[in-house]
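Only one structure is covered here, and it is reproduced in the block below.
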Amino acid sequence: MERNDCLLLFDELLELDPGTLKGSEVLDSLDGWDSLGVISFMALADENFGINLQPRQIAGCTTVAELIGLLDGRIRQQAHA
Amino acid sequence: MTNPLDLAGRTVLVTGASSGIGRETACLISQLGAHVILVGRNLERLAETLRLLEGDGHRAEPFDLSSTDEIPRWLKSVSASCGIFNGLVHCAGLHKLRPLRVLNSQMIEDLMRIDVQAAIGLAKAFCQKSVGAPGGSLIFLSSVAGLTGQAGVAAYSASKGAIIALTRSLAVELAGERIRVNCVAPGVVTTEMGRGLIGMLTPEQAAALEATHLLGLGCARDVAYAIAFLLADTARWITGTVLVVDGGYTAH
């Protein structure tokens, strides 16, 4: 899965039109980025990438790009697989 | 002195016996004298449980309960070699936090298949001739999520609510065969599954969850005691009920 696919997944999670998010958005400014949004992102990371994220890792992210960055290692692995 | 929870000479099948409440139930009822048939997908993990049991006459029977249509035939073959069952405890189940926005039909199907369809398959299997004994006890695992609303667990709540409804109807249907059917509704217990759930919460959320359990979070043994009570003659006049074991969670 490419970085853009992650952004599309995140669009879907926040119920936004595909292609809305570019990465530079501040998470706290996004409608739907609440406690259930955090849990939903953790669920997506687990299902799509097999990554078990901790709430504190997500709390350390300010922007969408930083959040997607938590999946970076796995995105690269899949890209080279 | 007589022990009212005595299960000596009884044979009880426990699903989900590889871990958590299933494993703890198996250990407890073996201490009460039962012969325990352990069911789970992973033979190695079942063997670990087997080593923890007291007494003899126990066996591990690996089986994937998602093959729900195969359950009656499989259980008949198990009973042919280990004897008639006096009790069956269905502890196998799935639990994942999945808010509605990331819930999909596959997850719902997986959950319903193991929690509900397998329960029905096991009940059907238990009622076969020479499989379940008259006076037998069927116990299913519900949850406080089947009784109260919680965010992020809609599918899980639906499956655990279904278990409660299933319990009541089966109790009525099977009373004529002198088979009792009950379920247990635990709050959050510190099993592997429970810790996984708590791991998805912030420290503040986890503290709030714990505080809602007036007596603190439970452990698998707390639930196992309730299951043993429903298996034994202590519950001989109890059927179709939900035994809530939740440290006060639903008292609010």
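Starting from 1 in every chain, residues are counted up; chains themselves are A, B, ... following the order of the structure tokens, and ligands are numbered from 1 as listed.
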
Select from chain B every residue with an atom at most 12 Å from any atom of chain A, then for each give the shortest pair of atoms and their distance in Å to one decimal, using only C-alpha atoms, rows by chain and rising number, as JSON lines.
{"residue": "B:Lys96", "atom": "CA", "partner": "A:Ala43", "partner_atom": "CA", "distance": 8.5}
{"residue": "B:Leu97", "atom": "CA", "partner": "A:Ile39", "partner_atom": "CA", "distance": 7.4}
{"residue": "B:Arg98", "atom": "CA", "partner": "A:Ser40", "partner_atom": "CA", "distance": 6.5}
{"residue": "B:Pro99", "atom": "CA", "partner": "A:Ser40", "partner_atom": "CA", "distance": 6.0}
{"residue": "B:Leu100", "atom": "CA", "partner": "A:Ser40", "partner_atom": "CA", "distance": 8.6}
{"residue": "B:Arg101", "atom": "CA", "partner": "A:Leu13", "partner_atom": "CA", "distance": 6.2}
{"residue": "B:Val102", "atom": "CA", "partner": "A:Ser40", "partner_atom": "CA", "distance": 6.1}
{"residue": "B:Leu103", "atom": "CA", "partner": "A:Ser40", "partner_atom": "CA", "distance": 9.0}
{"residue": "B:Asn104", "atom": "CA", "partner": "A:Leu44", "partner_atom": "CA", "distance": 11.4}
{"residue": "B:Gln106", "atom": "CA", "partner": "A:Glu47", "partner_atom": "CA", "distance": 11.9}
{"residue": "B:Met107", "atom": "CA", "partner": "A:Glu47", "partner_atom": "CA", "distance": 10.6}
{"residue": "B:Gln150", "atom": "CA", "partner": "A:Leu36", "partner_atom": "CA", "distance": 11.5}
{"residue": "B:Ala151", "atom": "CA", "partner": "A:Leu36", "partner_atom": "CA", "distance": 7.9}
{"residue": "B:Gly152", "atom": "CA", "partner": "A:Leu36", "partner_atom": "CA", "distance": 6.9}
{"residue": "B:Val153", "atom": "CA", "partner": "A:Leu36", "partner_atom": "CA", "distance": 10.7}
{"residue": "B:Gly196", "atom": "CA", "partner": "A:Asn52", "partner_atom": "CA", "distance": 9.8}
{"residue": "B:Leu197", "atom": "CA", "partner": "A:Ile39", "partner_atom": "CA", "distance": 10.3}
{"residue": "B:Ile198", "atom": "CA", "partner": "A:Pro55", "partner_atom": "CA", "distance": 10.3}
{"residue": "B:Gly199", "atom": "CA", "partner": "A:Gln54", "partner_atom": "CA", "distance": 6.9}
{"residue": "B:Met200", "atom": "CA", "partner": "A:Pro55", "partner_atom": "CA", "distance": 6.3}
{"residue": "B:Leu201", "atom": "CA", "partner": "A:Pro55", "partner_atom": "CA", "distance": 6.3}
{"residue": "B:Thr202", "atom": "CA", "partner": "A:Pro55", "partner_atom": "CA", "distance": 5.5}
{"residue": "B:Pro203", "atom": "CA", "partner": "A:Pro55", "partner_atom": "CA", "distance": 8.5}
{"residue": "B:Glu204", "atom": "CA", "partner": "A:Pro55", "partner_atom": "CA", "distance": 10.7}
{"residue": "B:Gln205", "atom": "CA", "partner": "A:Ser35", "partner_atom": "CA", "distance": 9.2}
{"residue": "B:Ala206", "atom": "CA", "partner": "A:Pro55", "partner_atom": "CA", "distance": 11.0}

Contact residues around stretch 136-148 of chain B with only C-alpha atoms at 7 Å, ignoring same-chain residues under 6 positions, as JSON, numbers by chain: {"B": [86, 87, 88, 89, 90, 91, 157, 158, 160, 161, 163, 164, 179, 180, 181, 182, 183, 184, 185, 186, 187, 231]}

For the selection just defined, write its residues with N, CA and C atoms to a file, as an mmCIF file, in the first residue's frame.
data_model
loop_
_atom_site.group_PDB
_atom_site.id
_atom_site.type_symbol
_atom_site.label_atom_id
_atom_site.label_comp_id
_atom_site.auth_asym_id
_atom_site.auth_seq_id
_atom_site.Cartn_x
_atom_site.Cartn_y
_atom_site.Cartn_z
ATOM 1 N N ASN B 86 -21.991 -34.007 30.608
ATOM 2 C CA ASN B 86 -22.923 -33.458 31.596
ATOM 3 C C ASN B 86 -23.012 -31.939 31.498
ATOM 4 N N GLY B 87 -22.030 -31.359 30.827
ATOM 5 C CA GLY B 87 -22.049 -29.897 30.706
ATOM 6 C C GLY B 87 -21.232 -29.430 29.521
ATOM 7 N N LEU B 88 -21.565 -28.249 29.061
ATOM 8 C CA LEU B 88 -20.834 -27.652 27.938
ATOM 9 C C LEU B 88 -20.743 -26.151 28.196
ATOM 10 N N VAL B 89 -19.530 -25.629 28.118
ATOM 11 C CA VAL B 89 -19.309 -24.195 28.344
ATOM 12 C C VAL B 89 -18.676 -23.600 27.090
ATOM 13 N N HIS B 90 -19.375 -22.684 26.458
ATOM 14 C CA HIS B 90 -18.882 -22.083 25.217
ATOM 15 C C HIS B 90 -18.207 -20.741 25.523
ATOM 16 N N CYS B 91 -16.895 -20.796 25.697
ATOM 17 C CA CYS B 91 -16.140 -19.578 26.027
ATOM 18 C C CYS B 91 -15.457 -18.976 24.800
ATOM 19 N N SER B 157 -21.665 -6.088 20.797
ATOM 20 C CA SER B 157 -22.876 -5.980 21.613
ATOM 21 C C SER B 157 -24.022 -6.772 21.000
ATOM 22 N N ALA B 158 -24.143 -6.663 19.676
ATOM 23 C CA ALA B 158 -25.218 -7.385 18.985
ATOM 24 C C ALA B 158 -25.056 -8.890 19.192
ATOM 25 N N LYS B 160 -23.476 -10.425 21.648
ATOM 26 C CA LYS B 160 -23.664 -10.807 23.057
ATOM 27 C C LYS B 160 -25.124 -10.653 23.492
ATOM 28 N N GLY B 161 -25.831 -9.703 22.873
ATOM 29 C CA GLY B 161 -27.266 -9.600 23.110
ATOM 30 C C GLY B 161 -27.982 -10.808 22.526
ATOM 31 N N ILE B 163 -26.760 -13.735 22.289
ATOM 32 C CA ILE B 163 -26.512 -14.878 23.185
ATOM 33 C C ILE B 163 -27.557 -14.915 24.312
ATOM 34 N N ILE B 164 -27.911 -13.742 24.821
ATOM 35 C CA ILE B 164 -28.915 -13.682 25.895
ATOM 36 C C ILE B 164 -30.275 -14.162 25.379
ATOM 37 N N ILE B 179 -32.509 -30.231 30.065
ATOM 38 C CA ILE B 179 -31.224 -29.561 29.839
ATOM 39 C C ILE B 179 -31.399 -28.094 30.229
ATOM 40 N N ARG B 180 -30.546 -27.639 31.126
ATOM 41 C CA ARG B 180 -30.592 -26.239 31.556
ATOM 42 C C ARG B 180 -29.693 -25.400 30.651
ATOM 43 N N VAL B 181 -30.134 -24.185 30.355
ATOM 44 C CA VAL B 181 -29.350 -23.289 29.491
ATOM 45 C C VAL B 181 -29.253 -21.923 30.170
ATOM 46 N N ASN B 182 -28.040 -21.488 30.417
ATOM 47 C CA ASN B 182 -27.821 -20.194 31.067
ATOM 48 C C ASN B 182 -26.632 -19.490 30.420
ATOM 49 N N CYS B 183 -26.505 -18.210 30.700
ATOM 50 C CA CYS B 183 -25.299 -17.511 30.235
ATOM 51 C C CYS B 183 -24.754 -16.609 31.329
ATOM 52 N N VAL B 184 -23.494 -16.284 31.158
ATOM 53 C CA VAL B 184 -22.792 -15.417 32.094
ATOM 54 C C VAL B 184 -22.443 -14.132 31.342
ATOM 55 N N ALA B 185 -22.626 -13.001 32.004
ATOM 56 C CA ALA B 185 -22.309 -11.710 31.367
ATOM 57 C C ALA B 185 -21.225 -11.006 32.173
ATOM 58 N N PRO B 186 -19.975 -11.227 31.785
ATOM 59 C CA PRO B 186 -18.888 -10.588 32.533
ATOM 60 C C PRO B 186 -18.683 -9.125 32.129
ATOM 61 N N GLY B 187 -18.117 -8.374 33.059
ATOM 62 C CA GLY B 187 -17.561 -7.070 32.722
ATOM 63 C C GLY B 187 -16.157 -7.288 32.179
ATOM 64 N N LEU B 231 -22.887 -24.839 36.416
ATOM 65 C CA LEU B 231 -22.691 -26.230 36.007
ATOM 66 C C LEU B 231 -23.160 -27.205 37.083
#

Shortest interatomic distance to A:Asp72 - which of A:Pro18, A:Gly60, A:Asp11, A:Asn4, counting only C-alpha atoms: A:Asn4

Alpha helix (DSSP H) call set, DSSP backbone run, chain A, as a PyMOL selection string: chain A and resi 3-13+35-49+55-59+64-69+72-80

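Excluding stretch 78-82 of chain B itself and same-chain residues fewer than 6 positions from it, the residues having an atom within 9 Å of it are Thr11, Ile37, Gly57, Arg59, Glu61, Ser130, Val131 and Gly132 of chain B, counting only C-alpha atoms.
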
Go ahead and write the residues just picked, C-alpha atoms, as a PDB file, in the first residue's frame.
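Output file out.pdb follows:
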ATOM      1  CA  THR B  11     -17.705 -34.680  31.940  1.00  0.00           C
ATOM      2  CA  ILE B  37     -12.630 -31.896  27.327  1.00  0.00           C
ATOM      3  CA  GLY B  57      -9.743 -38.099  32.450  1.00  0.00           C
ATOM      4  CA  ARG B  59      -8.489 -34.471  26.912  1.00  0.00           C
ATOM      5  CA  GLU B  61      -9.804 -31.919  21.182  1.00  0.00           C
ATOM      6  CA  SER B 130     -25.715 -40.228  23.557  1.00  0.00           C
ATOM      7  CA  VAL B 131     -23.989 -36.827  23.515  1.00  0.00           C
ATOM      8  CA  GLY B 132     -25.555 -34.699  26.267  1.00  0.00           C
TER       9      GLY B 132
END

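Listed by chain and then by rising number, the residues of stretch 159-195 of chain B that DSSP assigns to strand (DSSP E) from the backbone are B:Arg180, B:Val181, B:Asn182, B:Cys183, B:Val184, B:Ala185, B:Pro186.
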